[in-house]
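This report concerns only the one structure given below.
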Amino acid sequence: MVKWLLLACAIVCEVTATLALEAATEHPAWVVLTIAGYLGAFTALAALLRRGAPIGVIYGIWSATGVALTAVLAAALFGEELTFLIGAGIAIVIVGVVLVETGSHPDKAGAAEAAAAHGDPNGEAS
């Protein structure tokens with residue numbers, strides 16, 4: 001549960017920082033929130049890695065969610081376009097993250113069968 005909260009924090013901080021960066025083009029004071037947001041995002045990501053979260057999965061979820069939320073919120077807040085192609089790109093990124101997440105959990109039953117086939121009576125892969 002803590003890992004998911006840290007990941008959510010990293011995502012919210014990164015999206016906030018990115019949106020504040022856009023706002024800083026008109027009002028430079030927003031740079032403070034940009035710096036704080038990126039600092040918070042990377043601090044949360046580092047905490048996730050210290051807790052043993054796999055970087056490929058964490059980074060994939062963090063970046064894909066950040067891209068999707070930033071695109072949607074930038075359209076809502078700054079009037080940026082949200083076209084069909086952007087939506088399709090977001091969908092493709094999400095599918096990619098799902099594939100990375102799915103691939104990060106080896107088939108334990110398949111590994112046990114393979115180990116047993118190689119003479120390990122405990123069914124443990126070496």
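The way I read the labels, and the way they are meant: chains A, B, ... in the order of the structure tokens, residue 1 as the first residue of every chain, and ligand 1 as the first ligand shown, with later ones counted on from there.
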
(message) When you look at A:Val97 with a cut-off of 8 Å (counting only C-alpha atoms), what residues show up, excluding the ones that are within fewer than 6 positions of it in the same chain? I need them as an MDAnalysis selection string.
(response) chainID A and resid 57 60:61 64

Given the selection you just returned, output its residues as a file containing C-alpha atoms, formatted as a PDB file, in the first residue's frame.
```pdb
ATOM      1  CA  VAL A  57       7.541  -0.977 -13.846  1.00  0.00           C
ATOM      2  CA  GLY A  60       6.664   3.046 -16.857  1.00  0.00           C
ATOM      3  CA  ILE A  61       3.614   3.707 -14.714  1.00  0.00           C
ATOM      4  CA  ALA A  64       2.772   7.030 -18.793  1.00  0.00           C
TER       5      ALA A  64
END
```

Determine, for each residue of stretch 54-74 of chain A having at least one atom at most 10 Å from an atom of stretch 81-93 of chain A, the closest pair of atoms and their separation in Å to one decimal, counting only C-alpha atoms; order by chain and ascending number, as a Markdown table.
```
| residue | atom | partner | partner_atom | distance |
| --- | --- | --- | --- | --- |
| A:Gly60 | CA | A:Val93 | CA | 8.9 |
| A:Ile61 | CA | A:Val93 | CA | 9.5 |
| A:Ser63 | CA | A:Val93 | CA | 9.2 |
| A:Ala64 | CA | A:Val93 | CA | 6.0 |
| A:Thr65 | CA | A:Ile90 | CA | 8.9 |
| A:Val67 | CA | A:Ile90 | CA | 7.4 |
| A:Ala68 | CA | A:Ile90 | CA | 5.8 |
| A:Leu69 | CA | A:Ile90 | CA | 9.5 |
| A:Ala71 | CA | A:Leu82 | CA | 7.0 |
| A:Val72 | CA | A:Leu82 | CA | 7.0 |
| A:Leu73 | CA | A:Leu82 | CA | 9.8 |
| A:Ala74 | CA | A:Glu81 | CA | 8.3 |
```

Can you write out the residues you just picked, keeping N, CA and C atoms, as a JSON list (two decimals), in the first residue's frame?
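So the final result, stored in part-v4.json, reads:
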```json
[["chain", "number", "residue", "atom", "x", "y", "z"],
["A", 60, "GLY", "N", 7.68, 3.15, -15.81],
["A", 60, "GLY", "CA", 6.66, 3.05, -16.86],
["A", 60, "GLY", "C", 5.33, 3.61, -16.41],
["A", 61, "ILE", "N", 4.90, 3.21, -15.24],
["A", 61, "ILE", "CA", 3.61, 3.71, -14.71],
["A", 61, "ILE", "C", 3.69, 5.21, -14.47],
["A", 63, "SER", "N", 5.74, 7.53, -15.77],
["A", 63, "SER", "CA", 5.84, 8.36, -16.97],
["A", 63, "SER", "C", 4.58, 8.31, -17.82],
["A", 64, "ALA", "N", 3.99, 7.14, -17.97],
["A", 64, "ALA", "CA", 2.77, 7.03, -18.79],
["A", 64, "ALA", "C", 1.60, 7.78, -18.16],
["A", 65, "THR", "N", 1.45, 7.63, -16.86],
["A", 65, "THR", "CA", 0.38, 8.35, -16.18],
["A", 65, "THR", "C", 0.63, 9.85, -16.24],
["A", 67, "VAL", "N", 2.27, 11.49, -18.58],
["A", 67, "VAL", "CA", 1.99, 11.96, -19.94],
["A", 67, "VAL", "C", 0.49, 12.12, -20.15],
["A", 68, "ALA", "N", -0.28, 11.11, -19.76],
["A", 68, "ALA", "CA", -1.73, 11.15, -19.96],
["A", 68, "ALA", "C", -2.36, 12.30, -19.16],
["A", 69, "LEU", "N", -2.04, 12.39, -17.89],
["A", 69, "LEU", "CA", -2.62, 13.46, -17.06],
["A", 69, "LEU", "C", -2.20, 14.84, -17.52],
["A", 71, "ALA", "N", -1.36, 15.79, -20.56],
["A", 71, "ALA", "CA", -2.06, 16.13, -21.81],
["A", 71, "ALA", "C", -3.50, 16.55, -21.54],
["A", 72, "VAL", "N", -4.19, 15.79, -20.70],
["A", 72, "VAL", "CA", -5.60, 16.09, -20.40],
["A", 72, "VAL", "C", -5.72, 17.40, -19.62],
["A", 73, "LEU", "N", -4.88, 17.56, -18.60],
["A", 73, "LEU", "CA", -4.97, 18.78, -17.78],
["A", 73, "LEU", "C", -4.48, 20.01, -18.53],
["A", 74, "ALA", "N", -3.50, 19.86, -19.41],
["A", 74, "ALA", "CA", -3.05, 21.00, -20.21],
["A", 74, "ALA", "C", -4.16, 21.46, -21.15]]
```

(request) Point out the residue among A:Cys13, A:Val95, A:Ala36, A:Val100 with the least atom-to-atom distance to A:Ile55, counting only C-alpha atoms. (result)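 Ranked by minimum distance to A:Ile55, first place goes to A:Val100.
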
(message) I'd like the interatomic distance between atom CA of A:Ala17 and atom CA of A:Ser104, to a tenth of an Å.
(response) 28.9 Å

Quick one: DSSP helix (DSSP H, G or I) residues in chain A, as a short mmCIF file (atom, residue, chain, number, x, y, z; two decimals) with C-alpha atoms, in the first residue's frame?
```
data_model
loop_
_atom_site.label_atom_id
_atom_site.label_comp_id
_atom_site.auth_asym_id
_atom_site.auth_seq_id
_atom_site.Cartn_x
_atom_site.Cartn_y
_atom_site.Cartn_z
CA VAL A 2 2.84 2.39 0.86
CA LYS A 3 4.41 1.78 -2.56
CA TRP A 4 1.19 2.78 -4.33
CA LEU A 5 0.90 5.93 -2.22
CA LEU A 6 4.49 6.87 -3.01
CA LEU A 7 3.87 6.25 -6.70
CA ALA A 8 0.71 8.39 -6.63
CA CYS A 9 2.67 11.13 -4.86
CA ALA A 10 5.42 10.98 -7.48
CA ILE A 11 2.86 11.22 -10.29
CA VAL A 12 0.97 14.14 -8.74
CA CYS A 13 4.21 16.01 -8.01
CA GLU A 14 5.54 15.48 -11.54
CA VAL A 15 2.31 16.52 -13.26
CA THR A 16 2.01 19.56 -10.99
CA ALA A 17 5.59 20.55 -11.75
CA THR A 18 5.11 20.16 -15.49
CA LEU A 19 1.91 22.21 -15.51
CA ALA A 20 3.58 24.85 -13.32
CA LEU A 21 6.40 25.00 -15.84
CA GLU A 22 3.88 25.92 -18.53
CA ALA A 23 2.36 28.53 -16.21
CA PRO A 28 7.90 33.32 -13.58
CA ALA A 29 6.96 32.80 -9.91
CA TRP A 30 5.51 29.40 -10.90
CA VAL A 31 9.10 28.16 -11.27
CA VAL A 32 9.17 27.66 -7.49
CA LEU A 33 6.33 25.12 -7.74
CA THR A 34 8.06 23.52 -10.72
CA ILE A 35 11.25 22.94 -8.74
CA ALA A 36 9.38 21.73 -5.65
CA GLY A 37 7.24 19.38 -7.74
CA TYR A 38 10.16 17.74 -9.54
CA LEU A 39 12.07 17.47 -6.25
CA GLY A 40 9.05 15.78 -4.65
CA ALA A 41 8.59 13.45 -7.62
CA PHE A 42 12.18 12.24 -7.62
CA THR A 43 12.22 11.92 -3.84
CA ALA A 44 9.14 9.68 -3.99
CA LEU A 45 10.66 7.65 -6.83
CA ALA A 46 13.86 7.16 -4.84
CA ALA A 47 11.82 6.01 -1.83
CA LEU A 48 10.06 3.49 -4.07
CA LEU A 49 13.36 2.09 -5.31
CA ARG A 50 14.65 1.82 -1.73
CA ILE A 55 12.41 0.50 -11.77
CA GLY A 56 11.06 -0.59 -15.17
CA VAL A 57 7.54 -0.98 -13.85
CA ILE A 58 7.61 2.09 -11.60
CA TYR A 59 9.10 4.35 -14.25
CA GLY A 60 6.66 3.05 -16.86
CA ILE A 61 3.61 3.71 -14.71
CA TRP A 62 4.96 7.08 -13.53
CA SER A 63 5.84 8.36 -16.97
CA ALA A 64 2.77 7.03 -18.79
CA THR A 65 0.38 8.35 -16.18
CA GLY A 66 2.24 11.64 -16.17
CA VAL A 67 1.99 11.96 -19.94
CA ALA A 68 -1.73 11.15 -19.96
CA LEU A 69 -2.62 13.46 -17.06
CA THR A 70 -0.46 16.29 -18.36
CA ALA A 71 -2.06 16.13 -21.81
CA VAL A 72 -5.60 16.09 -20.40
CA LEU A 73 -4.97 18.78 -17.78
CA ALA A 74 -3.05 21.00 -20.21
CA ALA A 75 -6.08 20.90 -22.50
CA ALA A 76 -8.37 21.82 -19.61
CA LEU A 77 -6.14 24.47 -18.00
CA PHE A 78 -4.27 26.00 -20.93
CA PHE A 84 -7.63 11.91 -31.66
CA LEU A 85 -3.97 11.17 -32.39
CA ILE A 86 -2.93 12.40 -28.95
CA GLY A 87 -5.60 10.18 -27.41
CA ALA A 88 -4.42 7.23 -29.50
CA GLY A 89 -0.83 7.89 -28.41
CA ILE A 90 -1.87 7.95 -24.76
CA ALA A 91 -3.73 4.65 -25.25
CA ILE A 92 -0.67 3.06 -26.86
CA VAL A 93 1.54 4.21 -23.98
CA ILE A 94 -0.92 2.75 -21.47
CA VAL A 95 -0.97 -0.58 -23.33
CA GLY A 96 2.83 -0.56 -23.29
CA VAL A 97 2.91 -0.01 -19.53
CA VAL A 98 0.43 -2.84 -19.00
CA LEU A 99 2.68 -5.12 -21.06
CA VAL A 100 5.75 -4.11 -19.03
CA GLU A 101 3.84 -4.68 -15.78
CA THR A 102 2.55 -8.07 -16.95
CA GLY A 103 6.00 -9.11 -18.11
CA LYS A 108 5.83 -18.97 -11.13
CA ALA A 109 3.95 -22.14 -12.07
CA GLY A 110 5.85 -22.34 -15.35
CA ALA A 111 9.15 -21.80 -13.54
CA ALA A 112 8.36 -24.60 -11.07
CA GLU A 113 7.50 -26.97 -13.93
CA ALA A 114 10.72 -26.08 -15.74
CA ALA A 115 12.75 -26.66 -12.58
CA ALA A 116 11.09 -30.02 -11.98
CA ALA A 117 11.84 -31.01 -15.58
#
```
